[in-house]
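Notes for the one structure printed next.
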Amino acid sequence: MAMKKLALLSLLLNLAMFLAIVLAIVPKTTGEGYGGDDDDCGDLLGSDLYKDICPEAEAIIFARVRLAVFQDTRMAASLLRLHFHDCFVNGCDASVLLDDTDNFVGEKTAAPNLNSLRGFEVIDAIKQELEFVCPQTVSCADILATAARDSVVVAGGPSWDVQMGRKDSLTASKALANNIIPGPNSTIGNLVAKFQNVNLSLKDMVALSGAHTMGKARCTTFAARLQDSTNPNGPEASLEFIQSLQQLCSVSDSSTLANLDLATPEMFDNQYYVNLLSGEGLLPSDQNLVTGDEQTRELVETYAQDMSTFFQDFKDSMITLGRLVPFTGTKGEIRRNCRSVN
């Protein structure tokens, strides 16, 4: 019995030391609530929600994200994309995490998400640990928002204050996911319309597109970029780039992947915008930011020249994105399992 007590004490001490180390480096959430005149739910978000009721929350999320990215560097982009796809459909309510059941169809099988979204098991692991430490306290929606921030930080990008207090949805919408999430072949007009539909500006659109400085895409998503080796969507300097993609995608395997950023695919930086100016945007919708509109091109040029401006605008836009909140307070719920309603 004495040996068991010593073993348990040793385990608790090791856990305490681990949390102390993580708490020393985890991005801090110290700002005031980020509000707006026309977003009552967003106004109810705050930065210190878990300070007293679950002080370990951010440390646990950061540690899990850092481990996941260490094991699979692509996971940083995947977790960031999960948050984006969640927020675009009825706000940041973790609806994207719900599994299909016999009498319910979620968003995972929608065209923009099927065989595309990743990282669900990372969110599961975070939720499981949080439920052990502070049961039914931290929402899955808040986990997604915080994991997105931490993914950027781990990949070398900026940090920002994640506002907390979102509640999890009781349902999801495959139809909206199919219709609202911007596609890889979108024109500038289509992109602007879809971002404005969720109260995001043209500037938000260009800044948030910078998330494509990390991650990969299947050949099927950028097939339009391969149709003409003369590359009508960019300068002749990109001819070699287009031809390299044609060679990569010449195999019949539909799961073949290409880096969204050929130069620094695992780093969060402004190289994405530099690539666009060289005609090396992977997705047609990306390259259209340069060729399709003067305003978007000017922003691309600004971000390509000044990474600090990009970082600041990206942070601001991520905060705005995170405030697309349908449920706070007594609305919605805090799921015990992110894949199903309570």
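For the structure tokens, the naming scheme is as follows: chains receive sequential letters (A, B, ...) according to their order of presentation, residues are indexed from 1 within each chain, and ligands are indexed from 1 in presentation order.
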Excluding Ala211 (chain A) and its own-chain neighbours fewer than 6 positions away, which residues fall within 8 Å of it when counting only C-alpha atoms? Please give them as a count of residues only. 3
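Shortest atom-to-atom contact with Glu294 (chain A) among A:Leu202, A:Ala76, A:Ala223, A:Ala148: A:Leu202, counting only C-alpha atoms.
Residues with any atom within 7 Å of Ile188 (chain A), counting only C-alpha atoms and excluding same-chain neighbours fewer than 2 positions away, are Ser186, Asn190, Leu191, Val192, Asn288, Leu289, Gly292 and Asp293 of chain A.
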So that I can check the surroundings of Gly281 (chain A), please list as a PDB file with N, CA and C atoms, in the first residue's frame every protein, DNA and RNA residue that reaches within 9 Å of it, counting only C-alpha atoms and ignoring chain neighbours fewer than 4 positions away.
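Final file, part18.pdb:
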```pdb
ATOM      1  N   GLY A 234      -1.208  34.113 -64.392  1.00  0.00           N
ATOM      2  CA  GLY A 234      -0.053  34.684 -63.724  1.00  0.00           C
ATOM      3  C   GLY A 234       1.056  34.994 -64.694  1.00  0.00           C
ATOM      4  N   LEU A 260       0.810  24.073 -50.248  1.00  0.00           N
ATOM      5  CA  LEU A 260       0.214  25.363 -50.587  1.00  0.00           C
ATOM      6  C   LEU A 260       1.281  26.443 -50.723  1.00  0.00           C
ATOM      7  N   ASP A 261       2.341  26.309 -49.956  1.00  0.00           N
ATOM      8  CA  ASP A 261       3.487  27.223 -50.029  1.00  0.00           C
ATOM      9  C   ASP A 261       4.714  26.381 -50.328  1.00  0.00           C
ATOM     10  N   TYR A 272       3.562  33.118 -48.576  1.00  0.00           N
ATOM     11  CA  TYR A 272       2.379  32.883 -49.414  1.00  0.00           C
ATOM     12  C   TYR A 272       2.146  34.054 -50.364  1.00  0.00           C
ATOM     13  N   TYR A 273       2.247  35.263 -49.850  1.00  0.00           N
ATOM     14  CA  TYR A 273       1.994  36.454 -50.667  1.00  0.00           C
ATOM     15  C   TYR A 273       3.119  36.688 -51.674  1.00  0.00           C
ATOM     16  N   ASN A 275       4.765  34.325 -53.045  1.00  0.00           N
ATOM     17  CA  ASN A 275       4.490  33.324 -54.073  1.00  0.00           C
ATOM     18  C   ASN A 275       3.430  33.818 -55.058  1.00  0.00           C
ATOM     19  N   LEU A 276       2.381  34.447 -54.535  1.00  0.00           N
ATOM     20  CA  LEU A 276       1.309  34.926 -55.409  1.00  0.00           C
ATOM     21  C   LEU A 276       1.836  35.937 -56.426  1.00  0.00           C
ATOM     22  N   LEU A 277       2.715  36.823 -55.996  1.00  0.00           N
ATOM     23  CA  LEU A 277       3.261  37.840 -56.899  1.00  0.00           C
ATOM     24  C   LEU A 277       4.168  37.228 -57.953  1.00  0.00           C
ATOM     25  N   SER A 285      -8.220  30.213 -56.517  1.00  0.00           N
ATOM     26  CA  SER A 285      -8.752  31.294 -55.676  1.00  0.00           C
ATOM     27  C   SER A 285      -7.630  32.106 -55.045  1.00  0.00           C
ATOM     28  N   ASP A 286      -6.512  31.475 -54.746  1.00  0.00           N
ATOM     29  CA  ASP A 286      -5.361  32.194 -54.204  1.00  0.00           C
ATOM     30  C   ASP A 286      -4.768  33.131 -55.255  1.00  0.00           C
ATOM     31  N   GLN A 287      -4.473  32.587 -56.439  1.00  0.00           N
ATOM     32  CA  GLN A 287      -3.858  33.402 -57.483  1.00  0.00           C
ATOM     33  C   GLN A 287      -4.768  34.535 -57.936  1.00  0.00           C
ATOM     34  N   ASN A 288      -6.067  34.334 -57.796  1.00  0.00           N
ATOM     35  CA  ASN A 288      -7.021  35.375 -58.168  1.00  0.00           C
ATOM     36  C   ASN A 288      -6.897  36.625 -57.300  1.00  0.00           C
TER      37      ASN A 288
END
```
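Between CA of Arg118 (chain A) and CA of Thr256 (chain A) lies a distance of 15.8 Å.
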Could you check the closest approach to Gly332 (chain A) for each of A:Glu298, A:Ser169, A:Leu176, A:Gly156 and tell me which residue wins, using only C-alpha atoms? A:Ser169
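Here CA of Arg323 (chain A) stands at a distance of 23.2 Å from CA of Leu299 (chain A).
Distances from A:Tyr303, A:Phe70, A:Tyr50, A:Phe104 to Leu208 (chain A) were compared using only C-alpha atoms, and the smallest one belongs to A:Tyr303.
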For region 151-154 of chain A, find every residue with an atom within 12 Å (counting only C-alpha atoms), except residues of its own chain fewer than 6 positions away, and show them as a ChimeraX atom specification. /A:25-28,61-70,72-83,119,122,143-145,160-161,210-215,266-269,311,314-315,318
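Shortest atom-to-atom contact with Lys167 (chain A) among A:Gly91, A:Pro284, A:Gly279, A:Pro265: A:Gly91, counting only C-alpha atoms.
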Residues flagged alpha helix (DSSP H) by DSSP in region 26-236 of chain A, as a PyMOL selection string: chain A and resi 40-43+50-53+57-71+75-88+120-133+140-154+174-180+188-197+202-209
